[in-house]
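Enquirer: Please see the structure below; I have some questions.
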Amino acid sequence: MDFIELAALSEVLVCELIECSSPVARLALLGKLSATLEQLHAALLAPVPAHCMEQLSAPSLPKEEPFCIGSDALMLTNYCQHLVRILLTGILAPVDQQGLTGLTFDLLHHLGDVLRTPSFTLSAAGYRDRGGGIVEPGL
């Protein structure tokens, strides 16, 4: 799965987590979410796949980069990973679990929005990033 698909899966899992009332099912969802976030972290470190570059390309990009909590998508993914690890411990009071689950929900949806925002333009020389540099797509 590419990082866009992994972000979407994370959003689905956290939506299910918000609605989950069974402690056993909640633990299973947290485990799946943790594994998905690990895969997302690795995918964000890899070159952007060609099909994602096409999907994230626009004729022109805004001059300002979209707001991202944290300095970038990788840091935001790390924040979400830490929150999920805390939730996995099961030591929080129910009200605190609910609060951190809500925060994780908001952060993962923000991350999905950030990752789906166009980041490239296509020129005769190839894909260009926000800074104008040529970017070679990954596999």
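Note on naming: chains are A, B, ... as they come in the structure tokens, residues start from 1 per chain, ligands start from 1 in the order shown.
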Using only C-alpha atoms, which protein or nucleic acid residues come within 6 Å of segment 110-118 of chain A? Drop anything in the same chain fewer than 4 positions from it, and give the result as a ChimeraX atom specification.

Expert: /A:7,56-57

Enquirer: Since we have the selection now, will you write its residues out, keeping N, CA and C atoms, as a CSV table (one decimal), in the first residue's frame?

Expert:
```csv
chain,number,residue,atom,x,y,z
A,7,ALA,N,-2.9,6.2,4.8
A,7,ALA,CA,-3.5,7.3,5.6
A,7,ALA,C,-5.0,7.1,5.6
A,56,LEU,N,-1.1,13.5,-6.9
A,56,LEU,CA,-0.8,14.7,-6.1
A,56,LEU,C,-0.3,15.9,-6.9
A,57,SER,N,-0.5,15.8,-8.2
A,57,SER,CA,0.0,16.9,-9.1
A,57,SER,C,-1.2,17.8,-9.4
```

Enquirer: Need the shell around Val14 of chain A: protein/DNA/RNA residues with any atom at most 12 Å away, counting only C-alpha atoms. Skip same-chain ones fewer than 5 positions apart. Format as an MDAnalysis selection string?

Expert: chainID A and resid 7:9 19:20 26:34 36:37 80 83:84 87 98 100:109 112

Enquirer: Residues of chain A classed as strand (DSSP E) by DSSP on the backbone are to be reported as an MDAnalysis selection string.

Expert: chainID A and resid 121:123 126:128 134:135

Enquirer: How would the residues just chosen look if you wrote them out with C-alpha atoms as a short mmCIF file (atom, residue, chain, number, x, y, z; two decimals), in the first residue's frame?

Expert:
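Generated file (again11.cif):
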```cif
data_model
loop_
_atom_site.label_atom_id
_atom_site.label_comp_id
_atom_site.auth_asym_id
_atom_site.auth_seq_id
_atom_site.Cartn_x
_atom_site.Cartn_y
_atom_site.Cartn_z
CA THR A 121 3.47 20.17 -10.80
CA LEU A 122 4.31 18.44 -14.05
CA SER A 123 6.60 20.32 -16.43
CA GLY A 126 9.37 16.23 -15.09
CA TYR A 127 7.66 16.54 -11.73
CA ARG A 128 8.59 19.57 -9.67
CA ILE A 134 12.86 18.08 -10.07
CA VAL A 135 11.60 14.99 -8.23
#
```

Enquirer: Need to verify the contact set: Gly131 of chain A, 10 Å, only C-alpha atoms, exclusion of same-chain residues closer than 5 positions in sequence. Can you return it as a list in words?

Expert: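 Listing them by chain and then by number gives Lys63, Ser119 and Phe120 of chain A.
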
Enquirer: Do you have the atom CA of Glu54 of chain A-atom CA of Glu136 of chain A distance handy?

Expert: 11.9 Å

Enquirer: Using only C-alpha atoms, which residue out of A:Ala35, A:Ile91, A:Leu45, A:Ile18 lies closest to Ala73 of chain A?

Expert: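 Once distances to Ala73 of chain A are computed over only C-alpha atoms, the minimum belongs to A:Leu45.
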
Enquirer: Could you find all residues in chain A that DSSP calls alpha helix (DSSP H) from the backbone, and write them as an MDAnalysis selection string?

Expert: chainID A and resid 3:19 23:45 50:55 73:89 94:116

Enquirer: Can you write just those residues out, C-alpha atoms, as a PDB file, in the first residue's frame?

Expert:
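Saved to selection.pdb:
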```
ATOM      1  CA  PHE A   3       1.093   6.335   1.855  1.00  0.00           C
ATOM      2  CA  ILE A   4      -2.221   7.731   0.582  1.00  0.00           C
ATOM      3  CA  GLU A   5      -3.921   4.348   0.995  1.00  0.00           C
ATOM      4  CA  LEU A   6      -2.326   3.835   4.415  1.00  0.00           C
ATOM      5  CA  ALA A   7      -3.514   7.258   5.573  1.00  0.00           C
ATOM      6  CA  ALA A   8      -7.045   6.428   4.389  1.00  0.00           C
ATOM      7  CA  LEU A   9      -6.924   3.074   6.200  1.00  0.00           C
ATOM      8  CA  SER A  10      -5.761   4.850   9.365  1.00  0.00           C
ATOM      9  CA  GLU A  11      -8.753   7.183   9.100  1.00  0.00           C
ATOM     10  CA  VAL A  12     -11.131   4.224   8.738  1.00  0.00           C
ATOM     11  CA  LEU A  13      -9.594   2.423  11.716  1.00  0.00           C
ATOM     12  CA  VAL A  14      -9.746   5.466  13.984  1.00  0.00           C
ATOM     13  CA  CYS A  15     -13.403   6.025  12.979  1.00  0.00           C
ATOM     14  CA  GLU A  16     -14.146   2.449  14.032  1.00  0.00           C
ATOM     15  CA  LEU A  17     -12.190   3.035  17.239  1.00  0.00           C
ATOM     16  CA  ILE A  18     -14.307   6.082  18.107  1.00  0.00           C
ATOM     17  CA  GLU A  19     -17.472   3.967  17.831  1.00  0.00           C
ATOM     18  CA  PRO A  23     -12.509  -3.499  25.248  1.00  0.00           C
ATOM     19  CA  VAL A  24     -11.318  -6.540  23.265  1.00  0.00           C
ATOM     20  CA  ALA A  25     -12.343  -5.076  19.892  1.00  0.00           C
ATOM     21  CA  ARG A  26     -10.815  -1.735  20.907  1.00  0.00           C
ATOM     22  CA  LEU A  27      -7.499  -3.405  21.677  1.00  0.00           C
ATOM     23  CA  ALA A  28      -7.576  -5.197  18.306  1.00  0.00           C
ATOM     24  CA  LEU A  29      -8.329  -1.930  16.472  1.00  0.00           C
ATOM     25  CA  LEU A  30      -5.500  -0.174  18.304  1.00  0.00           C
ATOM     26  CA  GLY A  31      -3.134  -2.981  17.279  1.00  0.00           C
ATOM     27  CA  LYS A  32      -4.214  -2.679  13.634  1.00  0.00           C
ATOM     28  CA  LEU A  33      -3.884   1.093  13.785  1.00  0.00           C
ATOM     29  CA  SER A  34      -0.418   0.812  15.315  1.00  0.00           C
ATOM     30  CA  ALA A  35       0.731  -1.555  12.562  1.00  0.00           C
ATOM     31  CA  THR A  36      -0.787   0.683   9.876  1.00  0.00           C
ATOM     32  CA  LEU A  37       0.978   3.740  11.281  1.00  0.00           C
ATOM     33  CA  GLU A  38       4.295   1.860  11.273  1.00  0.00           C
ATOM     34  CA  GLN A  39       3.758   1.056   7.594  1.00  0.00           C
ATOM     35  CA  LEU A  40       2.765   4.666   6.916  1.00  0.00           C
ATOM     36  CA  HIS A  41       5.932   5.896   8.623  1.00  0.00           C
ATOM     37  CA  ALA A  42       8.049   3.647   6.385  1.00  0.00           C
ATOM     38  CA  ALA A  43       6.103   4.691   3.273  1.00  0.00           C
ATOM     39  CA  LEU A  44       6.709   8.371   4.037  1.00  0.00           C
ATOM     40  CA  LEU A  45      10.462   7.740   4.182  1.00  0.00           C
ATOM     41  CA  ALA A  50       4.861   7.487  -9.623  1.00  0.00           C
ATOM     42  CA  HIS A  51       1.115   6.881  -9.362  1.00  0.00           C
ATOM     43  CA  CYS A  52       1.004   9.032  -6.225  1.00  0.00           C
ATOM     44  CA  MET A  53       2.912  11.818  -7.957  1.00  0.00           C
ATOM     45  CA  GLU A  54       0.266  11.830 -10.677  1.00  0.00           C
ATOM     46  CA  GLN A  55      -2.480  11.894  -8.059  1.00  0.00           C
ATOM     47  CA  ALA A  73       3.610  14.605   7.761  1.00  0.00           C
ATOM     48  CA  LEU A  74       6.300  12.344   9.206  1.00  0.00           C
ATOM     49  CA  MET A  75       6.284  14.170  12.537  1.00  0.00           C
ATOM     50  CA  LEU A  76       2.478  14.111  12.603  1.00  0.00           C
ATOM     51  CA  THR A  77       2.596  10.353  11.982  1.00  0.00           C
ATOM     52  CA  ASN A  78       5.004  10.023  14.921  1.00  0.00           C
ATOM     53  CA  TYR A  79       2.606  11.971  17.153  1.00  0.00           C
ATOM     54  CA  CYS A  80      -0.207   9.596  16.202  1.00  0.00           C
ATOM     55  CA  GLN A  81       2.014   6.568  16.831  1.00  0.00           C
ATOM     56  CA  HIS A  82       2.797   7.839  20.339  1.00  0.00           C
ATOM     57  CA  LEU A  83      -0.872   8.426  21.106  1.00  0.00           C
ATOM     58  CA  VAL A  84      -1.801   4.925  19.935  1.00  0.00           C
ATOM     59  CA  ARG A  85       0.972   3.433  22.085  1.00  0.00           C
ATOM     60  CA  ILE A  86      -0.400   5.267  25.114  1.00  0.00           C
ATOM     61  CA  LEU A  87      -3.919   4.030  24.325  1.00  0.00           C
ATOM     62  CA  LEU A  88      -2.601   0.473  23.939  1.00  0.00           C
ATOM     63  CA  THR A  89      -1.324   0.473  27.523  1.00  0.00           C
ATOM     64  CA  PRO A  94     -12.099   5.948  30.420  1.00  0.00           C
ATOM     65  CA  VAL A  95     -12.521   9.717  30.139  1.00  0.00           C
ATOM     66  CA  ASP A  96      -8.821  10.086  29.279  1.00  0.00           C
ATOM     67  CA  GLN A  97      -9.008   7.228  26.755  1.00  0.00           C
ATOM     68  CA  GLN A  98     -11.942   8.971  25.125  1.00  0.00           C
ATOM     69  CA  GLY A  99     -10.068  12.273  24.997  1.00  0.00           C
ATOM     70  CA  LEU A 100      -6.897  10.764  23.509  1.00  0.00           C
ATOM     71  CA  THR A 101      -8.934   8.718  21.034  1.00  0.00           C
ATOM     72  CA  GLY A 102     -10.651  11.926  19.902  1.00  0.00           C
ATOM     73  CA  LEU A 103      -7.298  13.678  19.562  1.00  0.00           C
ATOM     74  CA  THR A 104      -5.940  10.742  17.543  1.00  0.00           C
ATOM     75  CA  PHE A 105      -9.046  10.900  15.335  1.00  0.00           C
ATOM     76  CA  ASP A 106      -8.529  14.620  14.665  1.00  0.00           C
ATOM     77  CA  LEU A 107      -4.793  14.272  14.019  1.00  0.00           C
ATOM     78  CA  LEU A 108      -5.214  11.319  11.643  1.00  0.00           C
ATOM     79  CA  HIS A 109      -7.863  13.148   9.627  1.00  0.00           C
ATOM     80  CA  HIS A 110      -5.613  16.214   9.495  1.00  0.00           C
ATOM     81  CA  LEU A 111      -2.738  13.975   8.355  1.00  0.00           C
ATOM     82  CA  GLY A 112      -4.925  12.465   5.623  1.00  0.00           C
ATOM     83  CA  ASP A 113      -5.834  15.947   4.396  1.00  0.00           C
ATOM     84  CA  VAL A 114      -2.164  16.990   4.381  1.00  0.00           C
ATOM     85  CA  LEU A 115      -1.080  13.869   2.472  1.00  0.00           C
ATOM     86  CA  ARG A 116      -3.821  14.283  -0.156  1.00  0.00           C
TER      87      ARG A 116
END
```

Enquirer: Given only C-alpha atoms as the basis, pick out the residue of A:Arg130, A:Ala124, A:Asp2, A:Ala46 nearest to Pro62 of chain A.

Expert: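 Checking each of A:Arg130, A:Ala124, A:Asp2, A:Ala46 against Pro62 of chain A, counting only C-alpha atoms, the winner is A:Arg130.
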
Enquirer: Have a look at A:Pro49, A:Gly90, A:Ala58, A:Ala125 and name the one nearest to Pro137 of chain A; count only C-alpha atoms.

Expert: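 Between A:Pro49, A:Gly90, A:Ala58, A:Ala125, the residue approaching Pro137 of chain A most closely is A:Pro49.
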
Enquirer: Figure out the distance between atom CA of Asp72 of chain A and atom CA of Gly132 of chain A, please, to one decimal in Å.

Expert: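 Atom CA of Asp72 of chain A lies 18.3 Å from atom CA of Gly132 of chain A.
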